[in-house]
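K.L.:
Before we start, here is the structure in question, set down as structure tokens.
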Amino acid sequence: MIALIDYGVGNLYSVEKALAAVGGKVLVTSNAADLKRADKLVLPGVGAFGDCMKNLEATGLIPTIIEQIFMKKPILGICVGLQILFEKSEESPEIKGLGVFKGEVKKIRAGGLKIPHMGWNSVKVGRKNYLVKFGAPKLLAGLSKTPYFYFVHSYHAVPSNENLVTATTDYGEDVTAAVELGNIFATQFHPEKSGDVGLQVLKNFVEL
């Protein structure tokens, strides 16, 4: 069972429908006991970093989420669900993130391009410096080297360890599109809005 965490933000219906389409048994929940008994977790997120963190804190689920992550339960963060895995964000400098990954979420320096970055963009799959201990990206397995995904964001994660990044997209600069380490997976793009290639990403997560 996959627990889709409901904390008042994120396009839950679309994510639930897409996961179900690739064989996932999904429970939309804000109950800590459900998270503990689930096989996998999905952490969505739409809107501002600070608002997402405040909403998540209000549920009381943060200790359970952290506990389950460090118990090696697979978790998938989507959009701001990726960003809040990091320590902090320029968008809401007074609000701390979950701190699962070291690093900061920064505004895209788009070089004159429109912000927010919205729409379909090609993604370059692969770690910048491949190291055996980080492994090949499981979440992006079976994709071409430059698939297209759907994005809606103005900020992106800049990890302290660049080897966490498994995909980037070019939008005035190299923008983090996906990160992965061990049981922790996250995408800045919206797989649930990215057609067949997005469904492949979700299928990879379901089948872990």
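Going by the structure tokens order, chains are called A, B, ..., each with residues numbered from 1, while ligands are numbered from 1 in the order shown.
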Contacts of Ile5 in chain A at 6 Å or less, counting only C-alpha atoms, minus same-chain residues fewer than 2 places along, as a PyMOL selection string?

P.N.:
chain A and resi 3+29-30+43

K.L.:
Tell me which of A:Ser89, A:Gln188, A:Asn204, A:Ser160 sits closest to Val46 in chain A, counting only C-alpha atoms.

P.N.:
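That would be A:Gln188, the residue with the smallest distance to Val46 in chain A.
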
K.L.:
Using only C-alpha atoms, find each residue of range 40-75 of chain A with at least one atom at most 12 Å away from an atom of range 9-12 of chain A; report its shortest atom-to-atom pair and that distance in Å (one decimal), sort the rows by chain and rising residue number, and return the result as CSV.

P.N.:
residue,atom,partner,partner_atom,distance
A:Val42,CA,A:Leu12,CA,10.0
A:Leu43,CA,A:Gly10,CA,8.7
A:Pro44,CA,A:Gly10,CA,5.2
A:Gly45,CA,A:Gly10,CA,4.4
A:Val46,CA,A:Gly10,CA,4.7
A:Gly47,CA,A:Val9,CA,7.5
A:Ala48,CA,A:Val9,CA,9.8
A:Phe49,CA,A:Val9,CA,10.7
A:Gly50,CA,A:Val9,CA,11.7
A:Asp51,CA,A:Val9,CA,8.7
A:Cys52,CA,A:Val9,CA,6.7
A:Met53,CA,A:Val9,CA,10.0
A:Lys54,CA,A:Val9,CA,10.7
A:Asn55,CA,A:Val9,CA,7.8
A:Leu56,CA,A:Val9,CA,8.9
A:Thr59,CA,A:Val9,CA,11.8

K.L.:
Write to file, as a compact mmCIF listing (two decimals), in the first residue's frame, the residues of the selection just made, with N, CA and C atoms.

P.N.:
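Resulting contents of part.txt:
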# COMPACT_ATOMS: atom_id res chain seq x y z
N VAL A 42 4.25 8.84 -0.47
CA VAL A 42 4.37 9.89 -1.49
C VAL A 42 4.06 11.23 -0.83
N LEU A 43 4.99 12.18 -1.00
CA LEU A 43 4.88 13.50 -0.41
C LEU A 43 4.71 14.53 -1.53
N PRO A 44 3.47 14.95 -1.79
CA PRO A 44 3.24 15.94 -2.85
C PRO A 44 3.54 17.34 -2.32
N GLY A 45 3.31 18.34 -3.14
CA GLY A 45 3.48 19.72 -2.69
C GLY A 45 3.27 20.70 -3.82
N VAL A 46 2.43 21.69 -3.58
CA VAL A 46 2.16 22.75 -4.55
C VAL A 46 2.08 24.06 -3.79
N GLY A 47 2.68 25.12 -4.36
CA GLY A 47 2.61 26.42 -3.71
C GLY A 47 3.95 26.82 -3.13
N ALA A 48 3.91 27.60 -2.07
CA ALA A 48 5.13 28.14 -1.47
C ALA A 48 5.73 27.16 -0.47
N PHE A 49 7.05 27.16 -0.39
CA PHE A 49 7.81 26.31 0.54
C PHE A 49 7.32 26.51 1.98
N GLY A 50 7.22 27.77 2.41
CA GLY A 50 6.83 28.04 3.79
C GLY A 50 5.44 27.56 4.11
N ASP A 51 4.51 27.76 3.20
CA ASP A 51 3.14 27.31 3.42
C ASP A 51 3.07 25.79 3.53
N CYS A 52 3.82 25.11 2.66
CA CYS A 52 3.83 23.64 2.71
C CYS A 52 4.38 23.15 4.04
N MET A 53 5.47 23.75 4.50
CA MET A 53 6.04 23.31 5.77
C MET A 53 5.11 23.60 6.95
N LYS A 54 4.45 24.76 6.93
CA LYS A 54 3.52 25.09 8.02
C LYS A 54 2.34 24.11 8.04
N ASN A 55 1.82 23.79 6.86
CA ASN A 55 0.71 22.84 6.78
C ASN A 55 1.14 21.45 7.26
N LEU A 56 2.33 21.04 6.83
CA LEU A 56 2.81 19.72 7.23
C LEU A 56 3.05 19.65 8.73
N THR A 59 -0.06 19.06 10.82
CA THR A 59 -0.62 17.70 10.86
C THR A 59 0.00 16.84 11.95

K.L.:
Taking only chain A into account, list the residues labelled strand (DSSP E or B) by DSSP (computed from the backbone), as a compact mmCIF listing (two decimals) with all heavy atoms, in the first residue's frame.

P.N.:
# COMPACT_ATOMS: atom_id res chain seq x y z
N ILE A 2 0.48 2.24 -0.79
CA ILE A 2 1.20 3.51 -0.88
C ILE A 2 0.38 4.57 -0.16
O ILE A 2 -0.78 4.81 -0.50
CB ILE A 2 1.42 3.93 -2.34
CG1 ILE A 2 2.26 2.88 -3.08
CG2 ILE A 2 2.10 5.30 -2.41
CD1 ILE A 2 2.35 3.11 -4.57
N ALA A 3 0.97 5.20 0.84
CA ALA A 3 0.31 6.28 1.56
C ALA A 3 0.62 7.60 0.86
O ALA A 3 1.77 8.02 0.81
CB ALA A 3 0.77 6.32 3.00
N LEU A 4 -0.39 8.24 0.30
CA LEU A 4 -0.27 9.56 -0.32
C LEU A 4 -0.62 10.59 0.75
O LEU A 4 -1.76 10.67 1.20
CB LEU A 4 -1.22 9.66 -1.52
CG LEU A 4 -1.31 10.99 -2.26
CD1 LEU A 4 0.06 11.46 -2.73
CD2 LEU A 4 -2.27 10.86 -3.44
N ILE A 5 0.39 11.33 1.19
CA ILE A 5 0.25 12.17 2.37
C ILE A 5 -0.58 13.41 2.06
O ILE A 5 -0.21 14.23 1.21
CB ILE A 5 1.64 12.57 2.92
CG1 ILE A 5 2.44 11.30 3.27
CG2 ILE A 5 1.49 13.45 4.16
CD1 ILE A 5 3.90 11.57 3.58
N VAL A 26 -3.39 2.82 -3.51
CA VAL A 26 -3.11 4.11 -2.88
C VAL A 26 -4.13 4.43 -1.79
O VAL A 26 -5.34 4.24 -1.98
CB VAL A 26 -3.12 5.24 -3.93
CG1 VAL A 26 -2.70 6.56 -3.31
CG2 VAL A 26 -2.21 4.89 -5.10
N LEU A 27 -3.64 4.96 -0.68
CA LEU A 27 -4.49 5.47 0.38
C LEU A 27 -4.11 6.92 0.63
O LEU A 27 -2.98 7.21 0.99
CB LEU A 27 -4.30 4.66 1.67
CG LEU A 27 -5.08 5.17 2.91
CD1 LEU A 27 -6.59 5.04 2.68
CD2 LEU A 27 -4.65 4.43 4.16
N VAL A 28 -5.04 7.83 0.40
CA VAL A 28 -4.82 9.25 0.71
C VAL A 28 -5.08 9.42 2.20
O VAL A 28 -6.17 9.11 2.69
CB VAL A 28 -5.76 10.16 -0.11
CG1 VAL A 28 -5.54 11.62 0.26
CG2 VAL A 28 -5.54 9.95 -1.60
N THR A 29 -4.10 9.91 2.94
CA THR A 29 -4.22 9.90 4.39
C THR A 29 -3.43 11.00 5.07
O THR A 29 -2.42 11.47 4.53
CB THR A 29 -3.76 8.53 4.95
OG1 THR A 29 -3.93 8.50 6.38
CG2 THR A 29 -2.29 8.25 4.61
N LYS A 40 5.10 2.24 1.07
CA LYS A 40 5.78 3.38 0.47
C LYS A 40 5.00 4.65 0.81
O LYS A 40 3.79 4.58 1.11
CB LYS A 40 5.88 3.24 -1.05
CG LYS A 40 6.63 2.01 -1.55
CD LYS A 40 6.64 1.98 -3.08
CE LYS A 40 7.41 0.79 -3.61
NZ LYS A 40 6.65 -0.47 -3.44
N LEU A 41 5.69 5.80 0.71
CA LEU A 41 5.07 7.08 0.97
C LEU A 41 5.24 7.99 -0.23
O LEU A 41 6.26 7.93 -0.92
CB LEU A 41 5.72 7.77 2.18
CG LEU A 41 5.82 6.98 3.49
CD1 LEU A 41 6.54 7.81 4.54
CD2 LEU A 41 4.46 6.55 3.99
N VAL A 42 4.25 8.84 -0.47
CA VAL A 42 4.37 9.89 -1.49
C VAL A 42 4.06 11.23 -0.83
O VAL A 42 3.03 11.39 -0.17
CB VAL A 42 3.42 9.65 -2.68
CG1 VAL A 42 3.48 10.83 -3.65
CG2 VAL A 42 3.78 8.36 -3.40
N LEU A 43 4.99 12.18 -1.00
CA LEU A 43 4.88 13.50 -0.41
C LEU A 43 4.71 14.53 -1.53
O LEU A 43 5.68 14.92 -2.17
CB LEU A 43 6.14 13.81 0.41
CG LEU A 43 6.21 15.16 1.13
CD1 LEU A 43 5.11 15.27 2.19
CD2 LEU A 43 7.59 15.34 1.76
N ILE A 75 10.22 6.68 -0.30
CA ILE A 75 9.38 7.87 -0.32
C ILE A 75 9.64 8.62 -1.62
O ILE A 75 10.78 8.68 -2.10
CB ILE A 75 9.64 8.78 0.90
CG1 ILE A 75 8.69 10.00 0.87
CG2 ILE A 75 11.10 9.21 0.99
CD1 ILE A 75 8.67 10.79 2.16
N LEU A 76 8.57 9.15 -2.19
CA LEU A 76 8.65 9.95 -3.41
C LEU A 76 8.13 11.35 -3.13
O LEU A 76 6.96 11.52 -2.77
CB LEU A 76 7.83 9.30 -4.53
CG LEU A 76 7.67 10.12 -5.82
CD1 LEU A 76 9.03 10.37 -6.49
CD2 LEU A 76 6.71 9.41 -6.79
N GLY A 77 8.98 12.35 -3.28
CA GLY A 77 8.57 13.75 -3.17
C GLY A 77 8.29 14.30 -4.56
O GLY A 77 9.03 14.02 -5.50
N ILE A 78 7.23 15.08 -4.69
CA ILE A 78 6.86 15.67 -5.98
C ILE A 78 6.77 17.18 -5.86
O ILE A 78 6.07 17.70 -4.98
CB ILE A 78 5.51 15.10 -6.49
CG1 ILE A 78 5.62 13.58 -6.72
CG2 ILE A 78 5.07 15.80 -7.77
CD1 ILE A 78 4.30 12.92 -7.10
N LYS A 88 16.46 24.41 3.71
CA LYS A 88 15.88 25.74 3.69
C LYS A 88 15.63 26.18 2.26
O LYS A 88 16.06 25.52 1.30
CB LYS A 88 16.81 26.73 4.39
CG LYS A 88 18.20 26.79 3.79
CD LYS A 88 19.11 27.72 4.61
CE LYS A 88 20.53 27.75 4.07
NZ LYS A 88 21.41 28.66 4.82
N SER A 89 14.94 27.32 2.12
CA SER A 89 14.63 27.86 0.79
C SER A 89 14.73 29.37 0.79
O SER A 89 14.33 30.04 1.77
CB SER A 89 13.22 27.44 0.37
OG SER A 89 12.84 28.06 -0.84
N GLY A 103 21.44 21.15 1.88
CA GLY A 103 21.37 22.01 0.71
C GLY A 103 20.23 23.00 0.83
O GLY A 103 19.47 22.99 1.79
N GLU A 104 20.13 23.86 -0.18
CA GLU A 104 19.17 24.95 -0.15
C GLU A 104 18.38 24.99 -1.45
O GLU A 104 18.88 24.61 -2.51
CB GLU A 104 19.92 26.28 0.03
CG GLU A 104 19.02 27.50 0.15
CD GLU A 104 19.80 28.78 0.42
OE1 GLU A 104 21.03 28.73 0.45
OE2 GLU A 104 19.14 29.83 0.60
N VAL A 105 17.15 25.44 -1.35
CA VAL A 105 16.31 25.64 -2.52
C VAL A 105 16.46 27.10 -2.94
O VAL A 105 16.27 28.01 -2.13
CB VAL A 105 14.84 25.31 -2.21
CG1 VAL A 105 13.96 25.61 -3.41
CG2 VAL A 105 14.71 23.84 -1.80
N LYS A 106 16.84 27.33 -4.20
CA LYS A 106 17.14 28.67 -4.66
C LYS A 106 16.26 29.06 -5.85
O LYS A 106 15.80 28.21 -6.59
CB LYS A 106 18.61 28.77 -5.07
CG LYS A 106 19.57 28.55 -3.90
CD LYS A 106 21.01 28.75 -4.32
CE LYS A 106 21.95 28.57 -3.13
NZ LYS A 106 23.37 28.83 -3.51
N LYS A 107 16.05 30.36 -6.00
CA LYS A 107 15.27 30.84 -7.15
C LYS A 107 16.04 30.58 -8.44
O LYS A 107 17.26 30.70 -8.49
CB LYS A 107 14.98 32.34 -7.02
CG LYS A 107 13.98 32.84 -8.05
CD LYS A 107 13.41 34.20 -7.69
CE LYS A 107 12.28 34.57 -8.65
NZ LYS A 107 11.65 35.86 -8.29
N HIS A 117 8.91 28.93 -14.29
CA HIS A 117 9.17 27.97 -15.36
C HIS A 117 7.95 27.07 -15.44
O HIS A 117 7.67 26.30 -14.52
CB HIS A 117 10.44 27.17 -15.00
CG HIS A 117 10.69 26.00 -15.90
ND1 HIS A 117 11.29 24.85 -15.44
CD2 HIS A 117 10.42 25.80 -17.21
CE1 HIS A 117 11.40 23.99 -16.44
NE2 HIS A 117 10.87 24.54 -17.51
N MET A 118 7.21 27.19 -16.52
CA MET A 118 5.94 26.46 -16.64
C MET A 118 5.83 25.83 -18.01
O MET A 118 5.98 26.50 -19.03
CB MET A 118 4.77 27.42 -16.41
CG MET A 118 3.39 26.76 -16.44
SD MET A 118 2.04 27.95 -16.20
CE MET A 118 2.41 28.58 -14.57
N GLY A 119 5.59 24.52 -18.03
CA GLY A 119 5.39 23.82 -19.29
C GLY A 119 6.34 22.65 -19.45
O GLY A 119 7.00 22.21 -18.51
N TRP A 120 6.39 22.14 -20.66
CA TRP A 120 7.19 20.95 -20.97
C TRP A 120 8.63 21.33 -21.24
O TRP A 120 8.90 22.30 -21.95
CB TRP A 120 6.62 20.24 -22.19
CG TRP A 120 5.27 19.65 -21.95
CD1 TRP A 120 4.07 20.30 -22.04
CD2 TRP A 120 4.98 18.32 -21.55
NE1 TRP A 120 3.04 19.44 -21.72
CE2 TRP A 120 3.57 18.21 -21.43
CE3 TRP A 120 5.76 17.18 -21.30
CZ2 TRP A 120 2.94 17.02 -21.06
CZ3 TRP A 120 5.14 16.01 -20.93
CH2 TRP A 120 3.75 15.93 -20.81
N ASN A 121 9.55 20.57 -20.67
CA ASN A 121 10.96 20.81 -20.91
C ASN A 121 11.70 19.47 -20.95
O ASN A 121 11.34 18.53 -20.23
CB ASN A 121 11.57 21.67 -19.80
CG ASN A 121 12.35 22.84 -20.34
OD1 ASN A 121 11.89 23.57 -21.22
ND2 ASN A 121 13.55 23.01 -19.83
N SER A 122 12.71 19.39 -21.79
CA SER A 122 13.52 18.17 -21.84
C SER A 122 14.40 18.09 -20.61
O SER A 122 14.83 19.10 -20.05
CB SER A 122 14.37 18.13 -23.11
OG SER A 122 15.32 19.17 -23.10
N LYS A 124 17.79 16.07 -18.82
CA LYS A 124 18.98 15.26 -19.03
C LYS A 124 19.12 14.29 -17.87
O LYS A 124 19.31 14.71 -16.72
CB LYS A 124 20.22 16.16 -19.14
CG LYS A 124 21.51 15.39 -19.41
CD LYS A 124 22.70 16.35 -19.52
CE LYS A 124 23.98 15.58 -19.77
NZ LYS A 124 25.15 16.51 -19.84
N VAL A 125 19.02 13.00 -18.18
CA VAL A 125 19.03 11.96 -17.14
C VAL A 125 20.47 11.51 -16.87
O VAL A 125 21.23 11.25 -17.80
CB VAL A 125 18.17 10.75 -17.56
CG1 VAL A 125 18.29 9.63 -16.53
CG2 VAL A 125 16.72 11.17 -17.73
N TYR A 148 10.87 14.37 -21.97
CA TYR A 148 10.19 15.63 -21.65
C TYR A 148 9.24 15.44 -20.48
O TYR A 148 8.51 14.45 -20.43
CB TYR A 148 9.42 16.16 -22.87
CG TYR A 148 10.29 16.89 -23.85
CD1 TYR A 148 11.14 16.20 -24.71
CD2 TYR A 148 10.26 18.29 -23.93
CE1 TYR A 148 11.95 16.88 -25.62
CE2 TYR A 148 11.07 18.98 -24.83
CZ TYR A 148 11.90 18.28 -25.68
OH TYR A 148 12.70 18.94 -26.57
N PHE A 149 9.27 16.40 -19.55
CA PHE A 149 8.37 16.39 -18.41
C PHE A 149 7.72 17.75 -18.24
O PHE A 149 8.21 18.76 -18.77
CB PHE A 149 9.13 16.03 -17.13
CG PHE A 149 9.57 14.60 -17.04
CD1 PHE A 149 10.88 14.24 -17.37
CD2 PHE A 149 8.70 13.60 -16.64
CE1 PHE A 149 11.29 12.92 -17.29
CE2 PHE A 149 9.10 12.29 -16.56
CZ PHE A 149 10.40 11.95 -16.89
N TYR A 150 6.65 17.78 -17.45
CA TYR A 150 5.90 19.02 -17.22
C TYR A 150 6.32 19.65 -15.89
O TYR A 150 6.30 19.00 -14.84
CB TYR A 150 4.39 18.73 -17.20
CG TYR A 150 3.57 19.99 -17.15
CD1 TYR A 150 3.33 20.73 -18.31
CD2 TYR A 150 3.06 20.46 -15.95
CE1 TYR A 150 2.59 21.91 -18.26
CE2 TYR A 150 2.32 21.63 -15.90
CZ TYR A 150 2.09 22.34 -17.06
OH TYR A 150 1.36 23.50 -17.01
N PHE A 151 6.69 20.92 -15.95
CA PHE A 151 7.16 21.67 -14.78
C PHE A 151 6.25 22.87 -14.49
O PHE A 151 5.71 23.49 -15.41
CB PHE A 151 8.56 22.25 -15.05
CG PHE A 151 9.67 21.23 -15.15
CD1 PHE A 151 9.92 20.56 -16.35
CD2 PHE A 151 10.49 20.98 -14.07
CE1 PHE A 151 10.96 19.65 -16.45
CE2 PHE A 151 11.54 20.07 -14.15
CZ PHE A 151 11.77 19.40 -15.35
N VAL A 152 6.14 23.20 -13.20
CA VAL A 152 5.55 24.47 -12.77
C VAL A 152 6.28 24.87 -11.50
O VAL A 152 5.98 24.39 -10.41
CB VAL A 152 4.04 24.36 -12.46
CG1 VAL A 152 3.49 25.75 -12.11
CG2 VAL A 152 3.25 23.78 -13.61
N HIS A 153 7.27 25.78 -11.61
CA HIS A 153 8.03 26.17 -10.42
C HIS A 153 8.89 27.40 -10.71
O HIS A 153 9.21 27.70 -11.86
CB HIS A 153 8.91 25.01 -9.94
CG HIS A 153 10.00 24.63 -10.92
ND1 HIS A 153 11.33 24.57 -10.57
CD2 HIS A 153 9.95 24.29 -12.23
CE1 HIS A 153 12.05 24.22 -11.63
NE2 HIS A 153 11.24 24.04 -12.64
N TYR A 155 11.52 27.86 -8.17
CA TYR A 155 12.68 27.53 -7.32
C TYR A 155 13.11 26.10 -7.60
O TYR A 155 12.31 25.27 -8.05
CB TYR A 155 12.32 27.68 -5.84
CG TYR A 155 11.99 29.11 -5.45
CD1 TYR A 155 10.74 29.66 -5.71
CD2 TYR A 155 12.95 29.91 -4.82
CE1 TYR A 155 10.45 30.97 -5.37
CE2 TYR A 155 12.66 31.23 -4.46
CZ TYR A 155 11.42 31.75 -4.75
OH TYR A 155 11.13 33.05 -4.40
N HIS A 156 14.38 25.82 -7.31
CA HIS A 156 14.87 24.45 -7.47
C HIS A 156 15.91 24.16 -6.41
O HIS A 156 16.54 25.07 -5.85
CB HIS A 156 15.44 24.24 -8.88
CG HIS A 156 16.80 24.86 -9.09
ND1 HIS A 156 17.91 24.13 -9.38
CD2 HIS A 156 17.21 26.15 -9.05
CE1 HIS A 156 18.96 24.93 -9.51
NE2 HIS A 156 18.56 26.16 -9.33
N ALA A 157 16.10 22.89 -6.11
CA ALA A 157 17.02 22.47 -5.07
C ALA A 157 18.47 22.51 -5.56
O ALA A 157 18.77 22.11 -6.68
CB ALA A 157 16.68 21.06 -4.60
N VAL A 158 19.34 22.99 -4.69
CA VAL A 158 20.78 22.97 -4.95
C VAL A 158 21.43 22.17 -3.81
O VAL A 158 21.75 22.73 -2.75
CB VAL A 158 21.36 24.39 -5.03
CG1 VAL A 158 22.87 24.34 -5.33
CG2 VAL A 158 20.64 25.21 -6.09
N PRO A 159 21.58 20.85 -3.99
CA PRO A 159 22.12 20.02 -2.91
C PRO A 159 23.58 20.34 -2.61
O PRO A 159 24.35 20.73 -3.51
CB PRO A 159 22.00 18.59 -3.47
CG PRO A 159 21.04 18.68 -4.61
CD PRO A 159 21.20 20.06 -5.16
N VAL A 165 21.76 14.62 -7.43
CA VAL A 165 20.97 15.03 -8.61
C VAL A 165 21.05 13.94 -9.68
O VAL A 165 22.12 13.57 -10.14
CB VAL A 165 21.47 16.37 -9.17
CG1 VAL A 165 20.66 16.75 -10.41
CG2 VAL A 165 21.38 17.46 -8.12
N THR A 166 19.89 13.44 -10.09
CA THR A 166 19.82 12.39 -11.11
C THR A 166 19.30 12.88 -12.44
O THR A 166 19.31 12.16 -13.43
CB THR A 166 18.94 11.22 -10.63
OG1 THR A 166 17.65 11.73 -10.26
CG2 THR A 166 19.57 10.51 -9.44
N ALA A 167 18.81 14.12 -12.48
CA ALA A 167 18.34 14.71 -13.74
C ALA A 167 18.31 16.22 -13.61
O ALA A 167 18.02 16.76 -12.53
CB ALA A 167 16.96 14.19 -14.11
N THR A 168 18.63 16.89 -14.71
CA THR A 168 18.57 18.35 -14.74
C THR A 168 17.80 18.79 -15.99
O THR A 168 17.63 18.03 -16.94
CB THR A 168 19.98 18.97 -14.79
OG1 THR A 168 20.67 18.47 -15.95
CG2 THR A 168 20.78 18.65 -13.54
N THR A 169 17.34 20.02 -15.95
CA THR A 169 16.73 20.62 -17.13
C THR A 169 17.36 22.00 -17.33
O THR A 169 17.79 22.65 -16.37
CB THR A 169 15.20 20.73 -16.99
OG1 THR A 169 14.63 21.14 -18.24
CG2 THR A 169 14.78 21.69 -15.90
N ASP A 170 17.46 22.42 -18.57
CA ASP A 170 18.08 23.70 -18.90
C ASP A 170 17.01 24.77 -18.98
O ASP A 170 16.15 24.74 -19.87
CB ASP A 170 18.84 23.57 -20.23
CG ASP A 170 19.55 24.86 -20.63
OD1 ASP A 170 19.57 25.81 -19.82
OD2 ASP A 170 20.09 24.92 -21.74
N ASP A 174 21.43 25.27 -15.27
CA ASP A 174 21.11 23.88 -14.96
C ASP A 174 20.19 23.85 -13.75
O ASP A 174 20.57 24.28 -12.65
CB ASP A 174 22.39 23.09 -14.64
CG ASP A 174 23.00 22.45 -15.87
OD1 ASP A 174 22.32 22.42 -16.92
OD2 ASP A 174 24.15 21.99 -15.80
N VAL A 175 18.98 23.36 -13.94
CA VAL A 175 17.96 23.31 -12.90
C VAL A 175 17.76 21.87 -12.46
O VAL A 175 17.61 20.97 -13.30
CB VAL A 175 16.63 23.91 -13.43
CG1 VAL A 175 15.50 23.69 -12.44
CG2 VAL A 175 16.80 25.38 -13.75
N THR A 176 17.76 21.64 -11.16
CA THR A 176 17.56 20.29 -10.64
C THR A 176 16.16 19.79 -10.98
O THR A 176 15.16 20.42 -10.63
CB THR A 176 17.75 20.27 -9.11
OG1 THR A 176 19.10 20.66 -8.81
CG2 THR A 176 17.49 18.88 -8.55
N ALA A 177 16.10 18.64 -11.66
CA ALA A 177 14.81 18.05 -12.05
C ALA A 177 14.45 16.83 -11.22
O ALA A 177 13.28 16.50 -11.08
CB ALA A 177 14.83 17.68 -13.53
N ALA A 178 15.47 16.13 -10.69
CA ALA A 178 15.21 14.95 -9.86
C ALA A 178 16.41 14.67 -8.97
O ALA A 178 17.55 14.96 -9.35
CB ALA A 178 14.91 13.73 -10.73
N VAL A 179 16.14 14.12 -7.79
CA VAL A 179 17.19 13.69 -6.87
C VAL A 179 16.85 12.29 -6.37
O VAL A 179 15.69 11.88 -6.36
CB VAL A 179 17.35 14.65 -5.67
CG1 VAL A 179 17.79 16.04 -6.13
CG2 VAL A 179 16.07 14.75 -4.85
N GLU A 180 17.90 11.59 -5.96
CA GLU A 180 17.68 10.21 -5.48
C GLU A 180 18.86 9.78 -4.62
O GLU A 180 20.02 10.02 -4.97
CB GLU A 180 17.55 9.28 -6.68
CG GLU A 180 17.32 7.83 -6.34
CD GLU A 180 17.09 6.98 -7.60
OE1 GLU A 180 16.44 7.47 -8.53
OE2 GLU A 180 17.60 5.85 -7.65
N LEU A 181 18.56 9.15 -3.49
CA LEU A 181 19.59 8.54 -2.66
C LEU A 181 18.95 7.44 -1.84
O LEU A 181 18.05 7.70 -1.03
CB LEU A 181 20.24 9.56 -1.73
CG LEU A 181 21.36 9.01 -0.83
CD1 LEU A 181 22.55 8.53 -1.68
CD2 LEU A 181 21.82 10.05 0.18
N ILE A 184 15.15 7.32 -0.96
CA ILE A 184 14.54 8.64 -1.09
C ILE A 184 14.60 9.08 -2.55
O ILE A 184 15.68 9.17 -3.14
CB ILE A 184 15.25 9.67 -0.21
CG1 ILE A 184 15.39 9.15 1.23
CG2 ILE A 184 14.48 11.00 -0.20
CD1 ILE A 184 16.34 9.96 2.07
N PHE A 185 13.44 9.36 -3.11
CA PHE A 185 13.30 9.75 -4.52
C PHE A 185 12.48 11.04 -4.58
O PHE A 185 11.54 11.20 -3.81
CB PHE A 185 12.58 8.66 -5.31
CG PHE A 185 13.16 7.28 -5.15
CD1 PHE A 185 12.81 6.47 -4.08
CD2 PHE A 185 14.08 6.79 -6.07
CE1 PHE A 185 13.36 5.21 -3.91
CE2 PHE A 185 14.63 5.53 -5.93
CZ PHE A 185 14.27 4.73 -4.86
N ALA A 186 12.81 11.92 -5.51
CA ALA A 186 12.00 13.13 -5.63
C ALA A 186 12.17 13.75 -7.01
O ALA A 186 13.25 13.68 -7.60
CB ALA A 186 12.38 14.14 -4.54
N THR A 187 11.10 14.36 -7.50
CA THR A 187 11.11 15.03 -8.79
C THR A 187 10.59 16.46 -8.65
O THR A 187 9.62 16.70 -7.93
CB THR A 187 10.23 14.29 -9.82
OG1 THR A 187 8.85 14.35 -9.41
CG2 THR A 187 10.66 12.84 -9.97

K.L.:
If you measure from CA of Glu90 in chain A to CA of Glu162 in chain A, what distance in Å do you get, rounded to one decimal?

P.N.:
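Rounded to one decimal, the two atoms are 18.5 Å apart.
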
K.L.:
Considering only C-alpha atoms, state which residue in the set A:Asn183, A:Gln200, A:Ser194, A:Ser92 is at the smallest distance from Lys73 in chain A.

P.N.:
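The closest residue to Lys73 in chain A is A:Asn183.
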
K.L.:
Please give the complete set of residues from range 79-173 of chain A that DSSP, run on the backbone, assigns to alpha helix (DSSP H), formatted as a VMD selection string.

P.N.:
chain A and resid 80 to 83

K.L.:
In Å, rounded to a single decimal, give me how far CA of Val197 in chain A is from CA of Thr146 in chain A.

P.N.:
10.9 Å

K.L.:
My list of candidates is A:Leu164, A:Cys79, A:Ile66, A:Leu199. Which is closest to Lys17 in chain A when distances are computed with only C-alpha atoms?

P.N.:
A:Leu199

K.L.:
Extract, using only C-alpha atoms, all DNA, RNA and protein residues at most 6 Å from Glu192 in chain A, discarding same-chain residues fewer than 6 positions from it, and format them as a ChimeraX atom specification.

P.N.:
/A:15,18,198

K.L.:
Export C-alpha atoms of the chosen residues as a tab-separated table (two decimals), in the first residue's frame?

P.N.:
chain	number	residue	atom	x	y	z
A	15	VAL	CA	-1.37	11.79	-8.24
A	18	ALA	CA	-1.79	8.19	-11.94
A	198	GLY	CA	5.57	10.38	-16.21

K.L.:
When you count only C-alpha atoms, which of these residues is closest to Ala33 in chain A: A:Val123, A:Ile65, A:Leu143, A:Ala110?

P.N.:
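Smallest separation from Ala33 in chain A among the options: A:Ile65.
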
K.L.:
Looking at A:Gln68, A:Asn161, A:Ser14, A:Gln83, which one is nearest to Ala38 in chain A, with distances taken over only C-alpha atoms?

P.N.:
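For Ala38 in chain A, the nearest of the given residues is A:Gln68.
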
K.L.:
As an exercise, work out the distance from CA of Val100 in chain A to CA of Met1 in chain A in Å and give it to one decimal place.

P.N.:
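Taking CA of Val100 in chain A and CA of Met1 in chain A, their separation equals 23.0 Å.
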
K.L.:
Go through A:Tyr7, A:Pro74, A:Arg37, A:Glu87 and flag the residue nearest Ile62 in chain A, using only C-alpha atoms for the distances.

P.N.:
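Among the listed residues, the smallest separation from Ile62 in chain A belongs to A:Tyr7.
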